[in-house]
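Structure first, commentary second.
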Amino acid sequence: MIKAVTGTKDILPSDIPRWIYLEKTVETVFSNFNYKEIRTPIFEETALFARGIGEETDIVGKEMYTFKDRSDSSLTLKPEMTAAVVRAYLEHSLGAQHSLVKLFYMSPMFRQERPQAGRFRQFHQFGAEAIGSKSPLLDVEMIQIAYEILKSLGLKNLTVKINSLGTSETRENYKNLLKKFLQDKKDKLSEDSRRRFETNILRIFDSKVESDQKIIKDAPKLVDHLDEESKADFEVVKNQLAKFEIPFENDPALVRGLDYYTKLTFEIDSGSVGAQTALCGGGRYDLLIETLGGKPTPATGFAAGIERILLACENEKSFTVSEPAIDIYLVRIDDELESFVSELAGKLRKENLSVDCDYLQRSVKAQMREANKLNAKYVLFIGGDEYKEGLLKLKNMSDSLEKILPLEKIHELISTIKK
Ligand code: HAM
């Protein structure tokens, strides 16, 4: 039997109510903050991500689903949205209509990572990109949105971590400083960190290897070497978060896995999801628009992993959704009424009721079992002596009260059900 590909997951009908609850919460919060939805294609030219995210990152280096199509173009299933949103922003000159463009999205993403709890190869993100302002208050807005969504989903065990990576010049100077510090300790680093020493030295902070952590903990910190503007912006972020009563921690090791960040970076972690703790991450990326061919334009954003959030919600039992139910199930008593029952179901559906009936010639008992399984609020019995007299029997399944109604008073029936 063919099974779903490793690292992918079916979202079954029984999972859907929780997904919808999350999606509605996300949409409400984004609408409160005046973000407009954007949907971009599932695949893009490979060059967009290579250039946007950075050749030396894990995503571009080893995780992308890249393939050649029949016309020999190199295409990639999107591993993240920021580069795709910026591409669309530039392609459609969205900045010409509004000088600050605030967008949100929900979409599947693809990364060939080693699958484990909370880490998939096809996963879903919601997120936001706000393009056109360098205000640190907009960075705060990102944290606020993410925090508010997670709180609205009832999550408690959350940690907001923030850091500043400074401008690109600050970072280049700092990288040299770090290189000097690590030069004579290089041989003691893990193989991965030795590679990162050459290719992307900041990512050594991401190493989970204990001996690496021991070495790196005494390294000079980027936050102590920030330029004046980044320092001032970072202070604004911290003060404003305090005003919003959002608790946060400074995490000097928060360098993030994508190359486009400048100044503020942040993550929100959950203590309820095992090893993959980051529910969301983001930050400012003031150089990306230029890198992708636009004029210099500051921007900030974040993205959150839906599967991970739902896992945290499940582990914390943070919200419950009501069992799916239908309004009415039509139980056919006499076999020859099959066509009449389906006709009546059609009429009731036109009244915006959720209606189902039997298509398997089942007995009355089996139809009742099905009505119970479907959580029908009402059951309508059609047939027997009542039907011959032009009557139908309606049963309220919550209190078992029954009501006899003349067939021609179908509107009375509809208003009873709609109450
Ligand atoms: P990211 O940190 O790569 O950032 O991903 C954001 C979130 O997506 C993570 O915190 C995690 O919850 C979820 N995620 C990532 N990879 C996986 C996976 N393999 N399985 C399940 N969930 C995953 C970005 O993608 C940036 N584009 C965020 C951003 C937007 N920065 C600025 N604007």
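Following the order of the structure tokens, chains are lettered A, B, ..., residues in each are numbered from 1, and ligands are numbered from 1.
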
Would you mind listing the residues within 7 Å of ligand 1, counting only C-alpha atoms and all ligand atoms, as a PyMOL selection string? chain A and resi 80-82+111+113+118-125+127-129+256-258+267+278-285+300-308

Prev. selection, N, CA and C atoms, output as a tab-separated table (two decimals), in the first residue's frame:
chain	number	residue	atom	x	y	z
A	80	GLU	N	9.73	28.99	2.92
A	80	GLU	CA	9.30	30.08	3.81
A	80	GLU	C	8.65	31.14	2.93
A	81	MET	N	8.02	32.13	3.55
A	81	MET	CA	7.21	33.08	2.77
A	81	MET	C	7.86	34.44	2.54
A	82	THR	N	8.82	34.80	3.39
A	82	THR	CA	9.31	36.19	3.34
A	82	THR	C	9.82	36.57	1.94
A	111	ARG	N	10.34	21.77	3.71
A	111	ARG	CA	11.78	21.72	4.02
A	111	ARG	C	12.13	20.27	4.28
A	113	GLU	N	13.80	18.41	6.27
A	113	GLU	CA	14.50	18.27	7.55
A	113	GLU	C	14.27	16.86	8.06
A	118	GLY	N	6.80	17.69	15.91
A	118	GLY	CA	6.83	19.14	15.68
A	118	GLY	C	7.74	19.57	14.53
A	119	ARG	N	8.33	18.59	13.82
A	119	ARG	CA	9.14	18.96	12.65
A	119	ARG	C	8.76	18.10	11.46
A	120	PHE	N	8.28	18.77	10.42
A	120	PHE	CA	7.76	18.05	9.26
A	120	PHE	C	8.45	18.52	7.99
A	121	ARG	N	8.18	17.79	6.91
A	121	ARG	CA	8.75	18.20	5.62
A	121	ARG	C	7.74	19.04	4.83
A	122	GLN	N	6.46	18.75	5.03
A	122	GLN	CA	5.44	19.75	4.63
A	122	GLN	C	4.79	20.19	5.92
A	123	PHE	N	4.87	21.48	6.21
A	123	PHE	CA	4.24	22.02	7.41
A	123	PHE	C	3.53	23.30	7.03
A	124	HIS	N	2.82	23.90	7.98
A	124	HIS	CA	2.05	25.11	7.64
A	124	HIS	C	2.49	26.26	8.52
A	125	GLN	N	2.58	27.41	7.92
A	125	GLN	CA	2.90	28.62	8.69
A	125	GLN	C	1.79	29.63	8.52
A	127	GLY	N	1.83	33.93	9.12
A	127	GLY	CA	2.86	34.92	9.41
A	127	GLY	C	2.49	36.26	8.81
A	128	ALA	N	3.38	37.22	9.01
A	128	ALA	CA	3.11	38.58	8.53
A	128	ALA	C	4.40	39.21	8.04
A	129	GLU	N	4.24	40.10	7.07
A	129	GLU	CA	5.36	40.92	6.62
A	129	GLU	C	4.84	42.35	6.51
A	256	ARG	N	19.05	33.22	14.60
A	256	ARG	CA	18.09	32.77	13.59
A	256	ARG	C	18.79	32.14	12.38
A	257	GLY	N	18.06	31.27	11.71
A	257	GLY	CA	18.68	30.45	10.67
A	257	GLY	C	18.63	31.03	9.27
A	258	LEU	N	18.16	32.28	9.13
A	258	LEU	CA	18.05	32.86	7.80
A	258	LEU	C	18.94	34.10	7.78
A	267	GLU	N	11.88	35.23	18.96
A	267	GLU	CA	11.23	33.92	18.88
A	267	GLU	C	10.30	33.79	20.05
A	278	ALA	N	10.40	26.25	19.29
A	278	ALA	CA	10.04	27.55	18.69
A	278	ALA	C	8.67	27.49	18.02
A	279	LEU	N	7.70	28.22	18.57
A	279	LEU	CA	6.39	28.28	17.94
A	279	LEU	C	6.40	29.30	16.81
A	280	CYS	N	7.21	30.36	17.01
A	280	CYS	CA	7.31	31.33	15.93
A	280	CYS	C	8.62	32.09	16.02
A	281	GLY	N	8.97	32.72	14.92
A	281	GLY	CA	10.22	33.47	14.90
A	281	GLY	C	10.14	34.55	13.83
A	282	GLY	N	10.91	35.58	14.03
A	282	GLY	CA	10.91	36.64	13.02
A	282	GLY	C	11.88	37.73	13.36
A	283	GLY	N	11.67	38.86	12.72
A	283	GLY	CA	12.55	39.98	12.97
A	283	GLY	C	12.58	40.93	11.79
A	284	ARG	N	13.48	41.90	11.89
A	284	ARG	CA	13.60	42.95	10.88
A	284	ARG	C	14.53	42.51	9.76
A	285	TYR	N	14.21	42.89	8.54
A	285	TYR	CA	15.08	42.52	7.41
A	285	TYR	C	15.19	43.71	6.45
A	300	THR	N	9.81	44.24	8.31
A	300	THR	CA	9.87	43.37	9.48
A	300	THR	C	8.77	42.33	9.38
A	301	GLY	N	8.93	41.20	10.06
A	301	GLY	CA	7.89	40.16	9.95
A	301	GLY	C	8.14	39.00	10.89
A	302	PHE	N	7.25	38.03	10.82
A	302	PHE	CA	7.43	36.79	11.59
A	302	PHE	C	6.63	35.68	10.94
A	303	ALA	N	6.95	34.45	11.31
A	303	ALA	CA	6.12	33.31	10.89
A	303	ALA	C	6.03	32.32	12.03
A	304	ALA	N	4.90	31.60	12.05
A	304	ALA	CA	4.65	30.66	13.15
A	304	ALA	C	4.27	29.30	12.57
A	305	GLY	N	4.69	28.24	13.22
A	305	GLY	CA	4.41	26.88	12.75
A	305	GLY	C	3.09	26.37	13.32
A	306	ILE	N	2.11	26.13	12.43
A	306	ILE	CA	0.77	25.77	12.90
A	306	ILE	C	0.77	24.40	13.60
A	307	GLU	N	1.46	23.40	13.02
A	307	GLU	CA	1.47	22.05	13.64
A	307	GLU	C	2.02	22.13	15.06
A	308	ARG	N	3.11	22.88	15.21
A	308	ARG	CA	3.71	23.00	16.55
A	308	ARG	C	2.79	23.69	17.53

Name the residues of segment 269-304 of chain A that come out as helix (DSSP H, G or I) in a backbone DSSP run; write them as an MDAnalysis selection string. chainID A and resid 288:291

Enter the distance from atom CA of Cys357 of chain A to atom CA of Tyr329 of chain A, in Å, rounded to one decimal. 5.6 Å

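Omitting segment 181-183 of chain A and its sequence neighbours fewer than 3 positions away, and counting only C-alpha atoms, the residues within 8 Å are Leu177, Leu178, Lys186, Ala219 and Pro220 of chain A.
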
Considering only C-alpha atoms, state which residue in the set A:Thr28, A:Ser152, A:Ser135, A:Ser398 is at the smallest distance from Phe319 of chain A.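 Looking only at the distances to Phe319 of chain A, the closest residue turns out to be A:Ser152.
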
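Counting only C-alpha atoms, the residue from A:Leu150, A:Ile268, A:Met368, A:Leu405 that sits nearest to Glu386 of chain A is A:Leu405.
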
Please return, as a PyMOL selection string, all residues of segment 89-273 of chain A that DSSP assigns to strand (DSSP E) on the basis of the backbone. chain A and resi 101-110+122-131+158-164+248-250+262-270

Which one is closest to Ser93 of chain A: A:Ile289, A:Ile333, A:Met142, A:Ala366? Count only C-alpha atoms.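 Checking each candidate against Ser93 of chain A, we get A:Ile289 as the closest.
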
Please identify all polymer residues within 8 Å of Val160 of chain A, counting only C-alpha atoms, omitting same-chain residues fewer than 5 positions from it, and present them as a PDB file with N, CA and C atoms, in the first residue's frame.
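This is the output file part_10.pdb:
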ATOM      1  N   ILE A 246       4.195  42.381  28.008  1.00  0.00           N
ATOM      2  CA  ILE A 246       4.628  41.126  27.380  1.00  0.00           C
ATOM      3  C   ILE A 246       5.991  40.774  27.988  1.00  0.00           C
ATOM      4  N   PRO A 247       6.049  39.719  28.801  1.00  0.00           N
ATOM      5  CA  PRO A 247       7.339  39.381  29.407  1.00  0.00           C
ATOM      6  C   PRO A 247       8.320  38.876  28.353  1.00  0.00           C
ATOM      7  N   PHE A 248       9.579  39.257  28.458  1.00  0.00           N
ATOM      8  CA  PHE A 248      10.563  38.813  27.456  1.00  0.00           C
ATOM      9  C   PHE A 248      11.913  38.567  28.107  1.00  0.00           C
ATOM     10  N   GLU A 249      12.732  37.812  27.377  1.00  0.00           N
ATOM     11  CA  GLU A 249      14.114  37.579  27.818  1.00  0.00           C
ATOM     12  C   GLU A 249      15.050  38.061  26.731  1.00  0.00           C
ATOM     13  N   PHE A 266      13.384  37.870  17.000  1.00  0.00           N
ATOM     14  CA  PHE A 266      12.658  37.338  18.162  1.00  0.00           C
ATOM     15  C   PHE A 266      12.141  35.924  17.892  1.00  0.00           C
ATOM     16  N   GLU A 267      11.879  35.230  18.963  1.00  0.00           N
ATOM     17  CA  GLU A 267      11.234  33.925  18.876  1.00  0.00           C
ATOM     18  C   GLU A 267      10.296  33.793  20.054  1.00  0.00           C
ATOM     19  N   ILE A 268       9.229  33.038  19.874  1.00  0.00           N
ATOM     20  CA  ILE A 268       8.400  32.691  21.032  1.00  0.00           C
ATOM     21  C   ILE A 268       8.447  31.176  21.172  1.00  0.00           C
ATOM     22  N   ASP A 269       8.928  30.739  22.328  1.00  0.00           N
ATOM     23  CA  ASP A 269       9.085  29.312  22.592  1.00  0.00           C
ATOM     24  C   ASP A 269       7.969  28.815  23.487  1.00  0.00           C
TER      25      ASP A 269
END

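Proximity to Asp358 of chain A was assessed for A:Asp399, A:Glu91, A:Asp334, A:Asp192 counting only C-alpha atoms; the smallest distance is recorded for A:Asp334.
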
Long-range neighbours of Val379 of chain A as number ranges by chain, 6 Å cut-off, only C-alpha atoms, 3 positions minimum in chain: A: 328-330, 394-395

Suppose we keep all heavy atoms; can you now write the selection as a short mmCIF file (atom, residue, chain, number, x, y, z; two decimals), in the first residue's frame?
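This is the output file result_4.cif:
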data_model
loop_
_atom_site.label_atom_id
_atom_site.label_comp_id
_atom_site.auth_asym_id
_atom_site.auth_seq_id
_atom_site.Cartn_x
_atom_site.Cartn_y
_atom_site.Cartn_z
N ILE A 328 -30.13 18.17 11.12
CA ILE A 328 -31.24 17.19 11.04
C ILE A 328 -30.87 15.96 10.20
O ILE A 328 -30.19 16.08 9.18
CB ILE A 328 -32.51 17.90 10.48
CG1 ILE A 328 -33.69 16.95 10.46
CG2 ILE A 328 -32.30 18.50 9.11
CD1 ILE A 328 -35.02 17.66 10.40
N TYR A 329 -31.28 14.81 10.68
CA TYR A 329 -31.10 13.57 9.93
C TYR A 329 -32.48 13.04 9.57
O TYR A 329 -33.37 12.98 10.42
CB TYR A 329 -30.34 12.53 10.77
CG TYR A 329 -29.91 11.34 9.95
CD1 TYR A 329 -28.70 11.36 9.24
CD2 TYR A 329 -30.70 10.20 9.87
CE1 TYR A 329 -28.31 10.28 8.46
CE2 TYR A 329 -30.32 9.11 9.08
CZ TYR A 329 -29.12 9.17 8.38
OH TYR A 329 -28.73 8.11 7.60
N LEU A 330 -32.67 12.71 8.30
CA LEU A 330 -33.98 12.23 7.86
C LEU A 330 -34.00 10.70 7.89
O LEU A 330 -33.21 10.06 7.18
CB LEU A 330 -34.27 12.71 6.42
CG LEU A 330 -34.12 14.23 6.17
CD1 LEU A 330 -34.55 14.56 4.74
CD2 LEU A 330 -34.92 15.03 7.17
N LEU A 394 -41.10 14.76 14.19
CA LEU A 394 -39.80 15.41 14.44
C LEU A 394 -39.38 15.11 15.87
O LEU A 394 -40.14 15.34 16.81
CB LEU A 394 -39.93 16.92 14.24
CG LEU A 394 -38.65 17.74 14.41
CD1 LEU A 394 -37.69 17.48 13.26
CD2 LEU A 394 -38.97 19.24 14.46
N LYS A 395 -38.14 14.62 16.03
CA LYS A 395 -37.67 14.31 17.38
C LYS A 395 -36.48 15.20 17.72
O LYS A 395 -35.50 15.27 16.96
CB LYS A 395 -37.25 12.83 17.45
CG LYS A 395 -36.76 12.42 18.82
CD LYS A 395 -36.54 10.92 18.88
CE LYS A 395 -35.98 10.53 20.24
NZ LYS A 395 -35.74 9.11 20.34
#

One decimal, Å: what's the distance from atom CA of Thr46 of chain A over to atom CA of Met64 of chain A, could you say? 9.0 Å

Of the candidates A:Tyr35, A:Phe205, A:Tyr147, A:Ala325, which shows the shortest atom-to-atom distance to Glu245 of chain A, using only C-alpha atoms?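 Closest residue, counting only C-alpha atoms: A:Tyr147.
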
Got a sec: who's within 10 Å of Ile53 of chain A, counting only C-alpha atoms, leaving out chain neighbours fewer than 5 positions off, as a list in words?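 Contacts, with the query itself left out: Ala47, Leu48, Asp58, Ile59, Val60, Pro79, Glu80, Thr82, Ala83, Gly257, Leu258, Asp259, Tyr260, Tyr261 and Leu288 of chain A.
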
Which neighbours of His92 of chain A fall inside 12 Å, counting only C-alpha atoms, when residues of the same chain fewer than 6 positions from it are skipped, and could you give them as a short mmCIF file (atom, residue, chain, number, x, y, z; two decimals) with N, CA and C atoms, in the first residue's frame?
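Result went into out_39.cif, see below:
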data_model
loop_
_atom_site.label_atom_id
_atom_site.label_comp_id
_atom_site.auth_asym_id
_atom_site.auth_seq_id
_atom_site.Cartn_x
_atom_site.Cartn_y
_atom_site.Cartn_z
N VAL A 85 6.92 36.81 -0.51
CA VAL A 85 6.10 38.01 -0.32
C VAL A 85 6.84 39.24 -0.88
N VAL A 86 8.13 39.31 -0.63
CA VAL A 86 8.90 40.45 -1.15
C VAL A 86 8.91 40.41 -2.68
N GLY A 294 14.80 45.58 -5.36
CA GLY A 294 14.01 46.79 -5.12
C GLY A 294 14.89 47.92 -4.62
#

Using only C-alpha atoms, which of the listed residues (A:Leu374, A:Leu189, A:Leu348, A:Leu264) sits closest to Lys161 of chain A?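 Checking each candidate against Lys161 of chain A, we get A:Leu264 as the closest.
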
What does the distance from atom CA of Leu137 of chain A to atom CA of Thr40 of chain A come to in Å, to one decimal?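 Interatomic distance, atom CA of Leu137 of chain A to atom CA of Thr40 of chain A: 27.1 Å.
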